[in-house]
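Enquirer: Contents of input_17.txt (compact mmCIF, N, CA and C atoms):
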```
# COMPACT_ATOMS: atom_id res chain seq x y z
N GLN T 234 3.82 -20.09 21.16
CA GLN T 234 4.40 -19.42 20.00
C GLN T 234 4.25 -20.32 18.78
N VAL T 235 3.83 -19.74 17.70
CA VAL T 235 3.60 -20.50 16.47
C VAL T 235 4.46 -19.91 15.38
N ASP T 236 5.17 -20.78 14.69
CA ASP T 236 5.93 -20.37 13.51
C ASP T 236 5.20 -20.86 12.27
N PHE T 237 5.52 -20.20 11.18
CA PHE T 237 4.88 -20.51 9.92
C PHE T 237 5.90 -20.80 8.84
N ALA T 238 5.49 -21.59 7.88
CA ALA T 238 6.30 -21.85 6.70
C ALA T 238 5.60 -21.26 5.50
N GLU T 239 6.35 -20.46 4.76
CA GLU T 239 5.83 -19.85 3.55
C GLU T 239 6.42 -20.56 2.33
N SER T 240 5.64 -20.64 1.28
CA SER T 240 6.12 -21.26 0.04
C SER T 240 5.42 -20.63 -1.15
N GLY T 241 5.94 -20.93 -2.33
CA GLY T 241 5.30 -20.49 -3.57
C GLY T 241 5.98 -19.34 -4.27
N GLY T 242 7.04 -18.81 -3.67
CA GLY T 242 7.74 -17.71 -4.32
C GLY T 242 8.53 -18.18 -5.52
N GLY T 243 9.11 -17.22 -6.23
CA GLY T 243 9.91 -17.55 -7.40
C GLY T 243 10.19 -16.33 -8.24
N LEU T 244 10.73 -16.59 -9.41
CA LEU T 244 11.02 -15.54 -10.37
C LEU T 244 9.91 -15.49 -11.41
N VAL T 245 9.37 -14.32 -11.63
CA VAL T 245 8.27 -14.17 -12.58
C VAL T 245 8.45 -12.87 -13.34
N GLN T 246 7.98 -12.85 -14.57
CA GLN T 246 8.06 -11.64 -15.37
C GLN T 246 6.99 -10.63 -14.96
N PRO T 247 7.22 -9.38 -15.20
CA PRO T 247 6.17 -8.38 -14.93
C PRO T 247 4.87 -8.76 -15.62
N GLY T 248 3.79 -8.61 -14.88
CA GLY T 248 2.49 -9.01 -15.38
C GLY T 248 2.11 -10.43 -15.05
N GLY T 249 3.05 -11.19 -14.53
CA GLY T 249 2.80 -12.58 -14.19
C GLY T 249 2.10 -12.75 -12.86
N SER T 250 1.93 -14.02 -12.49
CA SER T 250 1.20 -14.37 -11.26
C SER T 250 1.96 -15.40 -10.45
N LEU T 251 1.73 -15.36 -9.16
CA LEU T 251 2.22 -16.38 -8.23
C LEU T 251 1.18 -16.56 -7.15
N ARG T 252 1.17 -17.74 -6.56
CA ARG T 252 0.33 -17.97 -5.39
C ARG T 252 1.21 -18.44 -4.25
N LEU T 253 1.19 -17.68 -3.18
CA LEU T 253 1.95 -18.02 -1.99
C LEU T 253 1.06 -18.80 -1.03
N SER T 254 1.69 -19.69 -0.26
CA SER T 254 0.98 -20.46 0.75
C SER T 254 1.64 -20.28 2.10
N CYS T 255 0.83 -20.36 3.13
CA CYS T 255 1.30 -20.19 4.51
C CYS T 255 0.66 -21.27 5.37
N THR T 256 1.48 -21.97 6.12
CA THR T 256 0.96 -23.01 7.00
C THR T 256 1.80 -23.05 8.26
N PRO T 257 1.22 -23.42 9.40
CA PRO T 257 2.00 -23.52 10.62
C PRO T 257 3.00 -24.66 10.52
N THR T 258 4.11 -24.52 11.23
CA THR T 258 5.12 -25.57 11.25
C THR T 258 4.84 -26.61 12.33
N SER T 259 3.84 -26.32 13.18
CA SER T 259 3.46 -27.27 14.21
C SER T 259 1.98 -27.59 14.05
N GLU T 260 1.48 -28.48 14.93
CA GLU T 260 0.07 -28.84 14.86
C GLU T 260 -0.76 -27.74 15.53
N PHE T 261 -0.93 -26.69 14.83
CA PHE T 261 -1.66 -25.52 15.31
C PHE T 261 -2.75 -25.22 14.31
N SER T 262 -3.96 -25.03 14.79
CA SER T 262 -5.06 -24.74 13.89
C SER T 262 -5.19 -23.24 13.66
N LEU T 263 -5.17 -22.85 12.39
CA LEU T 263 -5.31 -21.44 12.05
C LEU T 263 -6.76 -20.96 12.13
N ARG T 264 -7.66 -21.86 12.31
CA ARG T 264 -9.08 -21.64 12.08
C ARG T 264 -9.61 -20.37 12.73
N TYR T 265 -9.19 -20.08 13.93
CA TYR T 265 -9.83 -18.98 14.67
C TYR T 265 -9.02 -17.69 14.64
N TYR T 266 -7.95 -17.66 13.86
CA TYR T 266 -7.02 -16.54 13.97
C TYR T 266 -6.91 -15.74 12.68
N SER T 267 -6.68 -14.45 12.87
CA SER T 267 -6.34 -13.60 11.73
C SER T 267 -4.90 -13.88 11.31
N ILE T 268 -4.69 -13.92 10.02
CA ILE T 268 -3.36 -14.16 9.47
C ILE T 268 -3.01 -13.03 8.51
N GLY T 269 -1.78 -12.60 8.57
CA GLY T 269 -1.34 -11.52 7.71
C GLY T 269 -0.15 -11.92 6.84
N TRP T 270 -0.09 -11.32 5.68
CA TRP T 270 1.08 -11.43 4.82
C TRP T 270 1.84 -10.11 4.87
N PHE T 271 3.16 -10.24 4.96
CA PHE T 271 4.06 -9.10 4.99
C PHE T 271 5.12 -9.27 3.90
N ARG T 272 5.83 -8.21 3.61
CA ARG T 272 6.96 -8.33 2.70
C ARG T 272 8.06 -7.35 3.10
N GLN T 273 9.27 -7.73 2.74
CA GLN T 273 10.39 -6.86 3.02
C GLN T 273 11.35 -6.91 1.83
N ALA T 274 11.55 -5.76 1.23
CA ALA T 274 12.50 -5.62 0.13
C ALA T 274 13.85 -5.19 0.70
N PRO T 275 14.92 -5.47 -0.01
CA PRO T 275 16.26 -5.08 0.48
C PRO T 275 16.33 -3.59 0.77
N GLY T 276 16.82 -3.26 1.96
CA GLY T 276 16.98 -1.87 2.33
C GLY T 276 15.72 -1.17 2.76
N LYS T 277 14.62 -1.91 2.83
CA LYS T 277 13.34 -1.31 3.23
C LYS T 277 12.78 -1.99 4.45
N GLU T 278 11.88 -1.31 5.11
CA GLU T 278 11.23 -1.90 6.27
C GLU T 278 10.18 -2.92 5.84
N ARG T 279 9.95 -3.85 6.72
CA ARG T 279 8.89 -4.82 6.46
C ARG T 279 7.54 -4.11 6.49
N GLU T 280 6.66 -4.46 5.56
CA GLU T 280 5.34 -3.83 5.52
C GLU T 280 4.24 -4.88 5.40
N GLY T 281 3.09 -4.54 5.98
CA GLY T 281 1.94 -5.42 5.87
C GLY T 281 1.33 -5.32 4.49
N VAL T 282 1.03 -6.47 3.91
CA VAL T 282 0.50 -6.53 2.55
C VAL T 282 -1.00 -6.84 2.55
N SER T 283 -1.39 -7.82 3.35
CA SER T 283 -2.78 -8.23 3.37
C SER T 283 -3.05 -9.03 4.62
N CYS T 284 -4.31 -9.06 5.04
CA CYS T 284 -4.68 -9.91 6.16
C CYS T 284 -6.08 -10.44 5.96
N ILE T 285 -6.38 -11.50 6.72
CA ILE T 285 -7.68 -12.14 6.63
C ILE T 285 -8.08 -12.59 8.03
N SER T 286 -9.32 -12.38 8.38
CA SER T 286 -9.80 -12.80 9.69
C SER T 286 -10.02 -14.31 9.71
N GLY T 287 -10.22 -14.85 10.90
CA GLY T 287 -10.37 -16.30 11.05
C GLY T 287 -11.50 -16.88 10.23
N SER T 288 -12.60 -16.17 10.17
CA SER T 288 -13.76 -16.65 9.42
C SER T 288 -13.71 -16.25 7.96
N ALA T 289 -12.69 -15.47 7.58
CA ALA T 289 -12.54 -14.92 6.24
C ALA T 289 -13.57 -13.83 5.93
N ALA T 290 -14.30 -13.39 6.93
CA ALA T 290 -15.30 -12.36 6.70
C ALA T 290 -14.67 -10.99 6.45
N ARG T 291 -13.45 -10.82 6.95
CA ARG T 291 -12.78 -9.54 6.81
C ARG T 291 -11.42 -9.73 6.17
N THR T 292 -11.14 -8.91 5.18
CA THR T 292 -9.82 -8.87 4.57
C THR T 292 -9.37 -7.42 4.44
N ASP T 293 -8.09 -7.24 4.28
CA ASP T 293 -7.55 -5.90 4.13
C ASP T 293 -6.31 -5.98 3.25
N TYR T 294 -6.03 -4.89 2.52
CA TYR T 294 -4.92 -4.88 1.58
C TYR T 294 -4.17 -3.56 1.63
N LEU T 295 -2.86 -3.67 1.41
CA LEU T 295 -2.04 -2.49 1.17
C LEU T 295 -2.56 -1.83 -0.10
N ASP T 296 -2.62 -0.51 -0.10
CA ASP T 296 -3.19 0.19 -1.25
C ASP T 296 -2.52 -0.21 -2.57
N SER T 297 -1.22 -0.39 -2.54
CA SER T 297 -0.50 -0.65 -3.79
C SER T 297 -0.75 -2.04 -4.37
N VAL T 298 -1.36 -2.93 -3.60
CA VAL T 298 -1.64 -4.28 -4.11
C VAL T 298 -3.14 -4.52 -4.25
N ASN T 299 -3.95 -3.62 -3.75
CA ASN T 299 -5.39 -3.77 -3.81
C ASN T 299 -5.85 -3.89 -5.26
N GLY T 300 -6.62 -4.93 -5.53
CA GLY T 300 -7.09 -5.18 -6.89
C GLY T 300 -6.19 -6.12 -7.66
N ARG T 301 -4.99 -6.36 -7.16
CA ARG T 301 -4.06 -7.29 -7.83
C ARG T 301 -3.83 -8.54 -7.00
N PHE T 302 -3.83 -8.39 -5.69
CA PHE T 302 -3.60 -9.52 -4.79
C PHE T 302 -4.91 -9.92 -4.13
N THR T 303 -5.05 -11.22 -3.87
CA THR T 303 -6.23 -11.72 -3.17
C THR T 303 -5.78 -12.70 -2.10
N ILE T 304 -6.21 -12.44 -0.88
CA ILE T 304 -5.91 -13.35 0.23
C ILE T 304 -7.10 -14.26 0.44
N SER T 305 -6.81 -15.50 0.78
CA SER T 305 -7.88 -16.47 1.05
C SER T 305 -7.36 -17.50 2.04
N ARG T 306 -8.25 -18.32 2.52
CA ARG T 306 -7.83 -19.36 3.46
C ARG T 306 -8.67 -20.60 3.27
N ASP T 307 -8.07 -21.73 3.60
CA ASP T 307 -8.75 -23.01 3.62
C ASP T 307 -8.51 -23.58 5.01
N ASN T 308 -9.44 -23.36 5.89
CA ASN T 308 -9.25 -23.79 7.28
C ASN T 308 -9.19 -25.31 7.41
N ALA T 309 -9.84 -26.02 6.53
CA ALA T 309 -9.79 -27.47 6.58
C ALA T 309 -8.38 -27.98 6.27
N LYS T 310 -7.67 -27.27 5.40
CA LYS T 310 -6.30 -27.64 5.05
C LYS T 310 -5.27 -26.88 5.88
N ASN T 311 -5.76 -25.97 6.73
CA ASN T 311 -4.86 -25.19 7.58
C ASN T 311 -3.88 -24.36 6.76
N LEU T 312 -4.40 -23.74 5.71
CA LEU T 312 -3.59 -22.96 4.80
C LEU T 312 -4.18 -21.57 4.58
N VAL T 313 -3.29 -20.62 4.40
CA VAL T 313 -3.69 -19.28 3.95
C VAL T 313 -2.90 -18.99 2.68
N TYR T 314 -3.59 -18.42 1.70
CA TYR T 314 -2.98 -18.17 0.41
C TYR T 314 -2.90 -16.67 0.13
N LEU T 315 -1.97 -16.32 -0.72
CA LEU T 315 -1.93 -14.97 -1.28
C LEU T 315 -1.74 -15.12 -2.79
N GLN T 316 -2.83 -14.89 -3.52
CA GLN T 316 -2.78 -14.92 -4.98
C GLN T 316 -2.32 -13.55 -5.46
N MET T 317 -1.24 -13.54 -6.20
CA MET T 317 -0.67 -12.28 -6.67
C MET T 317 -0.70 -12.25 -8.19
N ASN T 318 -1.47 -11.33 -8.72
CA ASN T 318 -1.60 -11.16 -10.17
C ASN T 318 -1.03 -9.82 -10.59
N SER T 319 -0.79 -9.68 -11.89
CA SER T 319 -0.28 -8.42 -12.45
C SER T 319 0.93 -7.92 -11.66
N LEU T 320 1.84 -8.83 -11.41
CA LEU T 320 3.00 -8.48 -10.58
C LEU T 320 3.87 -7.42 -11.24
N LYS T 321 4.43 -6.59 -10.39
CA LYS T 321 5.29 -5.49 -10.83
C LYS T 321 6.68 -5.64 -10.21
N PRO T 322 7.69 -5.06 -10.80
CA PRO T 322 9.04 -5.14 -10.21
C PRO T 322 9.07 -4.65 -8.77
N GLU T 323 8.25 -3.68 -8.44
CA GLU T 323 8.23 -3.17 -7.06
C GLU T 323 7.60 -4.13 -6.07
N ASP T 324 7.04 -5.24 -6.54
CA ASP T 324 6.54 -6.28 -5.64
C ASP T 324 7.66 -7.23 -5.21
N THR T 325 8.83 -7.07 -5.78
CA THR T 325 9.97 -7.92 -5.42
C THR T 325 10.31 -7.74 -3.95
N ALA T 326 10.31 -8.85 -3.23
CA ALA T 326 10.56 -8.83 -1.78
C ALA T 326 10.54 -10.25 -1.26
N ASN T 327 10.95 -10.39 -0.02
CA ASN T 327 10.74 -11.65 0.69
C ASN T 327 9.39 -11.53 1.40
N TYR T 328 8.54 -12.50 1.21
CA TYR T 328 7.18 -12.46 1.75
C TYR T 328 7.06 -13.40 2.94
N TYR T 329 6.42 -12.91 3.98
CA TYR T 329 6.26 -13.64 5.22
C TYR T 329 4.78 -13.68 5.62
N CYS T 330 4.41 -14.69 6.37
CA CYS T 330 3.08 -14.68 6.98
C CYS T 330 3.25 -14.78 8.49
N ALA T 331 2.23 -14.36 9.19
CA ALA T 331 2.26 -14.37 10.64
C ALA T 331 0.84 -14.29 11.18
N ARG T 332 0.69 -14.76 12.42
CA ARG T 332 -0.61 -14.62 13.08
C ARG T 332 -0.75 -13.20 13.61
N LEU T 333 -1.90 -12.63 13.38
CA LEU T 333 -2.21 -11.30 13.86
C LEU T 333 -3.24 -11.38 14.98
N PHE T 334 -3.35 -10.31 15.73
CA PHE T 334 -4.36 -10.24 16.77
C PHE T 334 -5.71 -9.80 16.21
N HIS T 335 -5.70 -9.14 15.07
CA HIS T 335 -6.92 -8.72 14.41
C HIS T 335 -6.59 -8.33 12.99
N CYS T 336 -7.60 -8.17 12.18
CA CYS T 336 -7.44 -7.76 10.78
C CYS T 336 -8.47 -6.69 10.49
N GLY T 337 -8.04 -5.66 9.76
CA GLY T 337 -8.97 -4.63 9.33
C GLY T 337 -8.90 -3.35 10.12
N ARG T 338 -8.07 -3.34 11.14
CA ARG T 338 -7.88 -2.10 11.91
C ARG T 338 -6.61 -1.41 11.42
N SER T 339 -6.51 -0.15 11.69
CA SER T 339 -5.36 0.61 11.19
C SER T 339 -4.05 0.11 11.78
N ASP T 340 -4.10 -0.54 12.93
CA ASP T 340 -2.88 -1.03 13.59
C ASP T 340 -2.72 -2.54 13.50
N SER T 341 -3.48 -3.19 12.62
CA SER T 341 -3.47 -4.65 12.57
C SER T 341 -2.10 -5.23 12.27
N PHE T 342 -1.29 -4.53 11.46
CA PHE T 342 0.00 -5.08 11.05
C PHE T 342 1.13 -4.70 12.00
N GLN T 343 0.82 -3.99 13.05
CA GLN T 343 1.90 -3.47 13.91
C GLN T 343 2.43 -4.51 14.89
N LYS T 344 1.66 -5.54 15.15
CA LYS T 344 2.11 -6.53 16.12
C LYS T 344 1.69 -7.91 15.66
N ILE T 345 2.63 -8.85 15.73
CA ILE T 345 2.30 -10.22 15.37
C ILE T 345 2.40 -11.10 16.61
N ALA T 346 1.76 -12.24 16.56
CA ALA T 346 1.86 -13.25 17.61
C ALA T 346 2.84 -14.30 17.14
N GLY T 347 3.96 -14.40 17.82
CA GLY T 347 4.97 -15.38 17.43
C GLY T 347 6.17 -14.71 16.79
N SER T 348 6.91 -15.48 16.03
CA SER T 348 8.12 -14.95 15.43
C SER T 348 8.08 -15.10 13.90
N TRP T 349 9.00 -14.47 13.25
CA TRP T 349 9.05 -14.51 11.79
C TRP T 349 9.71 -15.80 11.30
N GLY T 350 9.15 -16.32 10.21
CA GLY T 350 9.78 -17.45 9.55
C GLY T 350 10.81 -16.96 8.55
N GLN T 351 11.23 -17.86 7.68
CA GLN T 351 12.24 -17.48 6.69
C GLN T 351 11.66 -16.76 5.49
N GLY T 352 10.37 -16.90 5.29
CA GLY T 352 9.73 -16.24 4.17
C GLY T 352 9.96 -16.96 2.86
N THR T 353 9.37 -16.41 1.81
CA THR T 353 9.57 -16.95 0.47
C THR T 353 9.85 -15.77 -0.46
N GLN T 354 10.88 -15.91 -1.26
CA GLN T 354 11.34 -14.80 -2.09
C GLN T 354 10.51 -14.70 -3.37
N VAL T 355 10.05 -13.50 -3.65
CA VAL T 355 9.36 -13.20 -4.90
C VAL T 355 10.19 -12.19 -5.66
N THR T 356 10.56 -12.54 -6.87
CA THR T 356 11.35 -11.64 -7.72
C THR T 356 10.60 -11.41 -9.02
N VAL T 357 10.30 -10.16 -9.30
CA VAL T 357 9.58 -9.80 -10.53
C VAL T 357 10.56 -9.06 -11.42
N SER T 358 10.92 -9.71 -12.50
CA SER T 358 11.94 -9.14 -13.37
C SER T 358 11.84 -9.74 -14.76
N SER T 359 12.15 -8.95 -15.75
CA SER T 359 12.17 -9.45 -17.12
C SER T 359 13.59 -9.90 -17.49
```
Have the structure of the file written as C-alpha cells, please.
Expert:
Amino acid sequence: QVDFAESGGGLVQPGGSLRLSCTPTSEFSLRYYSIGWFRQAPGKEREGVSCISGSAARTDYLDSVNGRFTISRDNAKNLVYLQMNSLKPEDTANYYCARLFHCGRSDSFQKIAGSWGQGTQVTVSS
C-alpha cells in the first residue's frame, strides 16, 4: 500500500494559477504507474480530475478542466504535477492524488491502489 502527500494548494483569485505536487510518502517509485488527481468539494462526491500513465504517453482530463489543467510527471524526481490555470470558483475543493491501475479508460478513476491522503485545499475566491 502506498500513500501520497499532496502540496501546492492555497487561496487564489478567479483566473489565477496553482501547481499541485504529488509524491509518495515512502520510498516507492512512481515510474511505472498511472497516477490520478481527484477533488472533493464540500457536500459533493469525490471526482477524478486528471490522470497520467507511467510513461506519460497517455493523459486524460475531466471535461470541465480540459484546456485549463495540465498533468505532468518527473519520474526522476518521483513527482506528479497538476498545473491549474484559469481557475474558477467551482474548482474549489480538496485535491488528492492516488495510484491508478490504468489511465484513459472510462473506468480509470473508479478504483485506486492504496488509500487516500489528506489532500491539499484549493480555494478560488475573490
Enquirer: Which is closest to Asp293 in chain T among T:Asp307, T:Glu278, T:Asp340, T:Glu323, if we use only C-alpha atoms?
Expert: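 Checking each candidate against Asp293 in chain T, we get T:Asp340 as the closest.
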Enquirer: Identify which of the residues T:Arg301, T:Arg306, T:Lys277, T:Arg272 lies closest to Tyr329 in chain T, counting only C-alpha atoms when measuring atom-to-atom distances.
Expert: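 Counting only C-alpha atoms, the residue closest to Tyr329 in chain T is T:Arg272.
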Enquirer: Restricting the calculation to all atoms listed in the file: of T:Ile268, T:Leu333, T:Leu244, T:Leu253, which residue gets closest to Leu315 in chain T?
Expert: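 That would be T:Leu253, the residue with the smallest distance to Leu315 in chain T.
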Enquirer: Pick the closest to Leu263 in chain T from T:Val313, T:Ala290, T:Cys330, T:Ile345: which is it, counting all atoms listed in the file?
Expert: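 Among the listed residues, T:Val313 lies closest to Leu263 in chain T.
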Enquirer: Go through T:Arg264, T:Ser250, T:Thr325, T:Thr303 one by one, measure the shortest atom-to-atom distance of each to Ser283 in chain T using all atoms listed in the file, and give the residue with the smallest value.
Expert: T:Thr303
Enquirer: Quick one: distance from CA of Pro257 in chain T to CA of Ile285 in chain T in Å, one decimal?
Expert: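 Calculated distance between CA of Pro257 in chain T and CA of Ile285 in chain T is 15.5 Å.
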Enquirer: Please compute the atom N of Ser339 in chain T-CA of Gly287 in chain T distance, one decimal, in Å.
Expert: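 Between atom N of Ser339 in chain T and CA of Gly287 in chain T the gap works out to 16.6 Å.
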